[in-house]
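Coordinates as given in upload.cif (mmCIF, C-alpha atoms):
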```cif
data_start
#
loop_
_atom_site.label_atom_id
_atom_site.label_comp_id
_atom_site.auth_asym_id
_atom_site.auth_seq_id
_atom_site.Cartn_x
_atom_site.Cartn_y
_atom_site.Cartn_z
CA MET A 156 -28.37 -51.22 105.94
CA THR A 157 -27.36 -50.28 102.43
CA ALA A 158 -27.30 -53.88 101.16
CA GLU A 159 -30.45 -55.10 102.90
CA PHE A 160 -32.71 -52.05 102.77
CA ARG A 161 -31.03 -50.04 99.99
CA ILE A 162 -30.84 -47.03 102.27
CA THR A 163 -27.68 -45.00 102.36
CA PRO A 164 -27.10 -43.95 105.97
CA GLY A 165 -27.03 -40.23 106.56
CA LEU A 166 -26.22 -37.90 109.40
CA LYS A 167 -29.49 -38.59 111.23
CA HIS A 168 -28.88 -42.34 111.13
CA TYR A 169 -25.38 -41.85 112.51
CA GLY A 170 -26.73 -39.53 115.18
CA CYS A 171 -29.28 -42.13 116.28
CA MET A 172 -26.53 -44.71 116.56
CA VAL A 173 -24.34 -42.42 118.67
CA ASP A 174 -27.32 -41.62 120.89
CA PHE A 175 -28.17 -45.32 121.22
CA LEU A 176 -24.62 -46.25 122.20
CA GLY A 177 -24.32 -43.26 124.51
CA ARG A 178 -27.55 -43.93 126.36
CA GLY A 179 -26.46 -47.51 126.86
CA GLY A 180 -23.18 -46.39 128.39
CA SER A 181 -21.02 -47.67 125.52
CA LEU A 182 -19.17 -44.37 125.35
CA ASP A 183 -15.89 -45.70 123.96
CA ASP A 184 -17.79 -47.54 121.24
CA ALA A 185 -19.67 -44.35 120.40
CA TYR A 186 -16.40 -42.42 120.17
CA LYS A 187 -14.89 -45.06 117.91
CA PHE A 188 -18.06 -45.13 115.79
CA ILE A 189 -17.90 -41.37 115.17
CA ASP A 190 -14.16 -41.43 114.59
CA GLU A 191 -14.46 -44.12 111.91
CA LEU A 192 -17.44 -42.70 110.01
CA PRO A 193 -17.13 -42.51 106.21
CA ILE A 194 -18.17 -38.85 106.41
CA LYS A 195 -16.66 -35.96 108.33
CA PRO A 196 -18.36 -35.91 111.75
CA THR A 197 -20.29 -32.78 112.64
CA ALA A 198 -20.22 -30.91 115.93
CA ILE A 199 -23.76 -32.18 116.56
CA LEU A 200 -22.59 -35.80 116.52
CA TRP A 201 -19.82 -34.98 118.97
CA ARG A 202 -22.27 -33.02 121.15
CA THR A 203 -24.52 -36.06 121.31
CA LEU A 204 -21.61 -38.01 122.74
CA LEU A 205 -20.69 -35.13 125.07
CA SER A 206 -24.19 -35.25 126.56
CA ALA A 207 -23.85 -39.00 127.05
CA CYS A 208 -20.50 -38.47 128.79
CA ALA A 209 -22.23 -36.01 131.11
CA SER A 210 -25.05 -38.47 131.83
CA HIS A 211 -22.58 -41.20 132.73
CA GLY A 212 -20.08 -38.96 134.54
CA ASN A 213 -17.16 -39.68 132.23
CA VAL A 214 -15.03 -36.54 132.60
CA GLU A 215 -11.96 -37.82 130.78
CA LEU A 216 -13.74 -38.88 127.61
CA ALA A 217 -15.78 -35.67 127.72
CA LYS A 218 -12.52 -33.70 127.53
CA TRP A 219 -11.46 -35.61 124.41
CA VAL A 220 -14.88 -35.06 122.87
CA MET A 221 -14.67 -31.33 123.63
CA GLN A 222 -11.38 -31.16 121.74
CA ARG A 223 -13.08 -32.69 118.72
CA ILE A 224 -15.96 -30.23 119.03
CA PHE A 225 -13.56 -27.29 119.30
CA GLU A 226 -11.93 -28.35 116.03
CA LEU A 227 -15.30 -27.62 114.41
CA ASP A 228 -16.92 -24.94 116.58
CA ASP A 229 -15.62 -23.42 119.80
CA SER A 230 -18.27 -20.74 120.27
CA HIS A 231 -21.22 -22.80 121.51
CA GLY A 232 -21.77 -21.91 125.16
CA GLY A 233 -23.71 -25.09 125.90
CA ASP A 234 -20.62 -27.24 125.32
CA TYR A 235 -18.68 -25.37 127.98
CA VAL A 236 -21.60 -25.59 130.39
CA ILE A 237 -21.96 -29.36 129.98
CA LEU A 238 -18.27 -30.01 130.62
CA SER A 239 -18.16 -27.42 133.40
CA ASN A 240 -21.11 -29.05 135.18
CA LEU A 241 -19.51 -32.44 134.75
CA GLY A 242 -16.30 -31.15 136.30
CA ALA A 243 -18.23 -29.55 139.14
CA ARG A 244 -20.01 -32.82 139.93
CA ALA A 245 -16.60 -34.45 140.15
CA GLY A 246 -15.34 -31.64 142.42
CA ARG A 247 -12.80 -30.45 139.84
CA TRP A 248 -13.26 -26.75 140.51
CA GLU A 249 -10.04 -25.69 138.78
CA ASP A 250 -11.33 -27.25 135.56
CA VAL A 251 -14.64 -25.45 136.05
CA ASP A 252 -12.94 -22.07 136.48
CA SER A 253 -10.65 -22.55 133.48
CA LEU A 254 -13.59 -23.62 131.30
CA ARG A 255 -15.62 -20.57 132.27
CA LYS A 256 -12.67 -18.31 131.47
CA LEU A 257 -12.16 -20.07 128.15
CA MET A 258 -15.84 -19.69 127.30
CA ILE A 259 -15.60 -15.94 127.87
CA GLU A 260 -12.42 -15.71 125.78
CA LYS A 261 -14.05 -17.58 122.89
CA GLY A 262 -17.23 -15.53 123.08
CA GLY A 263 -19.40 -18.46 124.10
CA VAL A 264 -22.71 -17.47 125.62
CA LYS A 265 -24.69 -19.50 128.12
CA VAL A 266 -28.35 -19.31 127.20
CA PRO A 267 -30.43 -19.14 130.38
CA GLY A 268 -33.00 -21.85 130.98
CA CYS A 269 -36.46 -20.86 129.79
CA ASN A 270 -39.87 -22.46 130.20
CA SER A 271 -43.27 -21.25 129.12
CA VAL A 272 -46.88 -21.96 129.91
CA GLU A 273 -49.92 -21.10 127.81
CA LEU A 274 -53.00 -19.70 129.52
CA ASP A 275 -56.04 -18.45 127.60
CA ASN A 276 -54.10 -18.47 124.32
CA VAL A 277 -51.30 -16.31 125.75
CA VAL A 278 -47.80 -17.75 126.19
CA HIS A 279 -45.99 -16.63 129.35
CA GLY A 280 -42.22 -17.16 129.43
CA PHE A 281 -39.97 -17.55 132.45
CA PHE A 282 -36.22 -17.60 132.89
CA SER A 283 -34.55 -19.36 135.78
CA GLY A 284 -34.28 -17.11 138.81
CA GLU A 285 -36.76 -14.56 137.52
CA GLY A 286 -40.42 -13.70 137.69
CA VAL A 287 -42.30 -11.94 134.92
CA ASN A 288 -44.17 -8.65 134.53
CA GLY A 289 -44.27 -7.70 138.20
CA VAL A 290 -45.79 -10.97 139.40
CA SER A 291 -42.50 -12.36 140.73
CA THR A 292 -43.45 -11.68 144.35
CA ALA A 293 -46.61 -13.75 144.07
CA LEU A 294 -44.74 -16.46 142.18
CA HIS A 295 -42.00 -16.65 144.76
CA ARG A 296 -44.52 -16.78 147.59
CA ALA A 297 -46.42 -19.56 145.84
CA LEU A 298 -43.24 -21.55 145.30
CA ASP A 299 -42.16 -20.99 148.90
CA VAL A 300 -45.48 -22.41 150.13
CA LEU A 301 -45.37 -25.30 147.67
CA VAL A 302 -41.81 -26.30 148.60
CA LYS A 303 -42.64 -26.03 152.31
CA GLU A 304 -45.57 -28.41 151.85
CA LEU A 305 -43.48 -30.79 149.75
CA LYS A 306 -40.82 -30.92 152.47
CA LEU A 307 -43.49 -31.98 154.97
CA VAL A 308 -44.05 -35.11 152.89
CA GLY A 309 -40.37 -35.90 152.42
CA TYR A 310 -39.09 -33.74 149.55
CA VAL A 311 -35.37 -32.99 149.83
CA PRO A 312 -33.88 -30.62 147.22
CA ASP A 313 -30.88 -32.15 145.44
CA THR A 314 -28.43 -29.27 145.79
CA SER A 315 -25.72 -31.31 144.07
CA LEU A 316 -27.39 -30.23 140.82
CA VAL A 317 -26.25 -26.63 141.42
CA HIS A 318 -22.61 -26.38 140.44
CA HIS A 319 -21.20 -23.40 142.30
CA ALA A 320 -18.41 -24.08 144.77
CA ASN A 321 -18.86 -20.79 146.63
CA MET A 322 -22.60 -21.20 147.30
CA SER A 323 -24.06 -22.45 150.54
CA ASP A 324 -26.61 -25.27 150.44
CA GLN A 325 -29.31 -22.74 151.31
CA GLU A 326 -28.34 -20.56 148.33
CA LYS A 327 -28.30 -23.61 146.07
CA GLU A 328 -31.76 -24.55 147.30
CA ILE A 329 -33.05 -21.11 146.32
CA VAL A 330 -31.57 -21.51 142.83
CA LEU A 331 -33.42 -24.81 142.49
CA ARG A 332 -36.63 -23.40 143.91
CA TYR A 333 -36.86 -20.60 141.36
CA HIS A 334 -36.03 -22.75 138.35
CA CYS A 335 -37.86 -21.64 135.20
CA GLU A 336 -40.05 -24.75 135.03
CA LYS A 337 -41.16 -24.28 138.62
CA LEU A 338 -41.92 -20.62 137.92
CA ALA A 339 -44.05 -21.61 134.93
CA ILE A 340 -45.96 -24.20 136.96
CA ALA A 341 -46.53 -21.77 139.83
CA PHE A 342 -47.78 -19.13 137.41
CA GLY A 343 -50.16 -21.68 135.91
CA LEU A 344 -51.45 -22.71 139.34
CA LEU A 345 -52.00 -19.10 140.38
CA ASN A 346 -53.87 -18.20 137.22
CA SER A 347 -55.90 -21.31 136.38
CA PRO A 348 -59.12 -22.71 137.78
CA PRO A 349 -58.86 -25.92 139.83
CA GLY A 350 -58.59 -29.04 137.70
CA ARG A 351 -57.06 -27.42 134.63
CA THR A 352 -54.02 -29.22 133.23
CA ILE A 353 -50.83 -27.16 133.23
CA ARG A 354 -48.19 -28.11 130.69
CA PRO A 355 -44.96 -26.11 130.83
CA PHE A 356 -42.80 -26.33 127.73
CA SER A 357 -39.36 -25.14 126.75
#
```
Show me the file's structure as structure tokens.
Amino acid sequence: MTAEFRITPGLKHYGCMVDFLGRGGSLDDAYKFIDELPIKPTAILWRTLLSACASHGNVELAKWVMQRIFELDDSHGGDYVILSNLGARAGRWEDVDSLRKLMIEKGGVKVPGCNSVELDNVVHGFFSGEGVNGVSTALHRALDVLVKELKLVGYVPDTSLVHHANMSDQEKEIVLRYHCEKLAIAFGLLNSPPGRTIRPFS
């Protein structure tokens, strides 16, 4: 790159390479790439690989990556959540519990999922599991009806995406149903004329 294009690679170039390798499943190559960089890797580079480990279900490498992240920053709640969810998918509940305790000890904070929708130049925000400004009852009813109709045509909620060992499948389904993006869409449907495009954003 430097010889042919006279461009000195920077952090963004390295990040793209890690993302490219990670998406392709070449996780060990991505780890080696970061480890052998001519600059000191940042937590963001390691987090890129951590996300790839989560996507490909590689718990063991994710643990190594977390150690490298912790050497730089151990207060980012999202790191704990990614590894915790990965452990939960693998049924490693002891790891999940210890990670959650460690996150609390280190002061890491899990930022709740948030989605918004703009209607008539006003942005309405929604957090997972919540309604907004007293309209939650209508939102929940709308989502209940929508999910019921979807089930009639074959929709099956993927409760494996909810990583709580002590929750029943019915409780997990409710968590999925009132996800922030679904709340934003339901709010848009309830408050828009037919045919208007609804675009939730985070």
Selection result for the PyMOL selection byres ((chain A and resi 263-279) around 6) on this file, as a list in words: Ser230, His231, Gly232, Met258, Ile259, Lys261, Gly262, Gly280, Phe281, Phe282, Ser283, Cys335, Glu336, Ala339, Pro355, Phe356 and Ser357 of chain A
Saved selection, atoms kept: C-alpha atoms, as a PDB file, in the coordinates of the input:
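And here is the file that came out, out-v3.pdb:
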```
ATOM      1  CA  SER A 230     -18.270 -20.740 120.270  1.00  0.00           C
ATOM      2  CA  HIS A 231     -21.220 -22.800 121.510  1.00  0.00           C
ATOM      3  CA  GLY A 232     -21.770 -21.910 125.160  1.00  0.00           C
ATOM      4  CA  MET A 258     -15.840 -19.690 127.300  1.00  0.00           C
ATOM      5  CA  ILE A 259     -15.600 -15.940 127.870  1.00  0.00           C
ATOM      6  CA  LYS A 261     -14.050 -17.580 122.890  1.00  0.00           C
ATOM      7  CA  GLY A 262     -17.230 -15.530 123.080  1.00  0.00           C
ATOM      8  CA  GLY A 280     -42.220 -17.160 129.430  1.00  0.00           C
ATOM      9  CA  PHE A 281     -39.970 -17.550 132.450  1.00  0.00           C
ATOM     10  CA  PHE A 282     -36.220 -17.600 132.890  1.00  0.00           C
ATOM     11  CA  SER A 283     -34.550 -19.360 135.780  1.00  0.00           C
ATOM     12  CA  CYS A 335     -37.860 -21.640 135.200  1.00  0.00           C
ATOM     13  CA  GLU A 336     -40.050 -24.750 135.030  1.00  0.00           C
ATOM     14  CA  ALA A 339     -44.050 -21.610 134.930  1.00  0.00           C
ATOM     15  CA  PRO A 355     -44.960 -26.110 130.830  1.00  0.00           C
ATOM     16  CA  PHE A 356     -42.800 -26.330 127.730  1.00  0.00           C
ATOM     17  CA  SER A 357     -39.360 -25.140 126.750  1.00  0.00           C
TER      18      SER A 357
END
```
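Across the model, the gap from CA of Tyr169 (chain A) to CA of Pro196 (chain A) is 9.2 Å.
You can rank A:Arg332, A:Arg202, A:Arg351, A:Gln325 by their closest distance to Val300 (chain A) using all atoms listed in the file, and at the top of that list sits A:Arg332.
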Which residue gives the smallest distance to Met172 (chain A) among A:Leu204, A:Leu254, A:Leu301, A:Ala198, with all atoms listed in the file counted? A:Leu204
For Asp229 (chain A), which residue out of A:Val330, A:Leu257, A:Pro349, A:Gly242 is the nearest one, using all atoms listed in the file? A:Leu257
Just how far from CA of Arg247 (chain A) is CA of Phe175 (chain A), in Å to one decimal?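 Going from CA of Phe175 (chain A) over to CA of Arg247 (chain A) covers 28.4 Å.
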Would you mind telling me which residue in A:Leu216, A:Ile199, A:Pro312, A:Thr292 lies nearest to Asp184 (chain A) when using all atoms listed in the file?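 Selected residue with least distance to Asp184 (chain A): A:Leu216.
Using all atoms listed in the file, the contacts of Leu331 (chain A) at a cut-off of 12 Å, with sequence neighbours closer than 5 positions omitted, comprise Gly268, Ser283, Gly284, Glu285, Leu298, Asp299, Val302, Val311, Pro312, Asp313, Thr314, Ser315, Leu316, Val317, His318, Asp324, Gln325, Glu326, Glu336, Lys337 and Leu338 of chain A.
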The PyMOL selection byres ((chain A and resi 217) around 9) resolved against shown file, as a list in words: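 Evaluating the PyMOL selection byres ((chain A and resi 217) around 9) on this file yields Leu204, Leu205, Ser206, Ala207, Cys208, Ala209, Gly212, Asn213, Val214, Glu215, Leu216, Lys218, Trp219, Val220, Met221, Gln222, Leu238 and Leu241 of chain A.
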Export region 185-214 of chain A, C-alpha atoms, as a short mmCIF file (atom, residue, chain, number, x, y, z; two decimals), in the first residue's frame; it's the structure right above.
```cif
data_model
loop_
_atom_site.label_atom_id
_atom_site.label_comp_id
_atom_site.auth_asym_id
_atom_site.auth_seq_id
_atom_site.Cartn_x
_atom_site.Cartn_y
_atom_site.Cartn_z
CA ALA A 185 -7.42 -11.16 12.34
CA TYR A 186 -5.98 -11.72 15.82
CA LYS A 187 -2.50 -12.23 14.38
CA PHE A 188 -2.91 -9.16 12.17
CA ILE A 189 -3.73 -6.94 15.16
CA ASP A 190 -1.03 -8.48 17.31
CA GLU A 191 1.66 -7.80 14.69
CA LEU A 192 0.68 -4.23 13.80
CA PRO A 193 3.47 -1.64 13.69
CA ILE A 194 1.38 0.58 15.97
CA LYS A 195 -0.11 -0.11 19.38
CA PRO A 196 -3.58 -1.59 18.79
CA THR A 197 -6.51 0.34 20.19
CA ALA A 198 -9.47 -1.07 22.08
CA ILE A 199 -11.61 -0.32 19.01
CA LEU A 200 -9.55 -2.70 16.86
CA TRP A 201 -9.91 -5.42 19.46
CA ARG A 202 -13.65 -4.70 19.78
CA THR A 203 -14.02 -5.17 16.04
CA LEU A 204 -12.56 -8.64 16.43
CA LEU A 205 -14.68 -9.30 19.52
CA SER A 206 -17.82 -8.60 17.48
CA ALA A 207 -16.60 -10.99 14.79
CA CYS A 208 -15.99 -13.66 17.44
CA ALA A 209 -19.57 -13.17 18.60
CA SER A 210 -20.90 -13.44 15.04
CA HIS A 211 -19.04 -16.70 14.48
CA GLY A 212 -19.63 -18.14 17.97
CA ASN A 213 -15.95 -18.39 18.90
CA VAL A 214 -16.06 -18.17 22.70
#
```
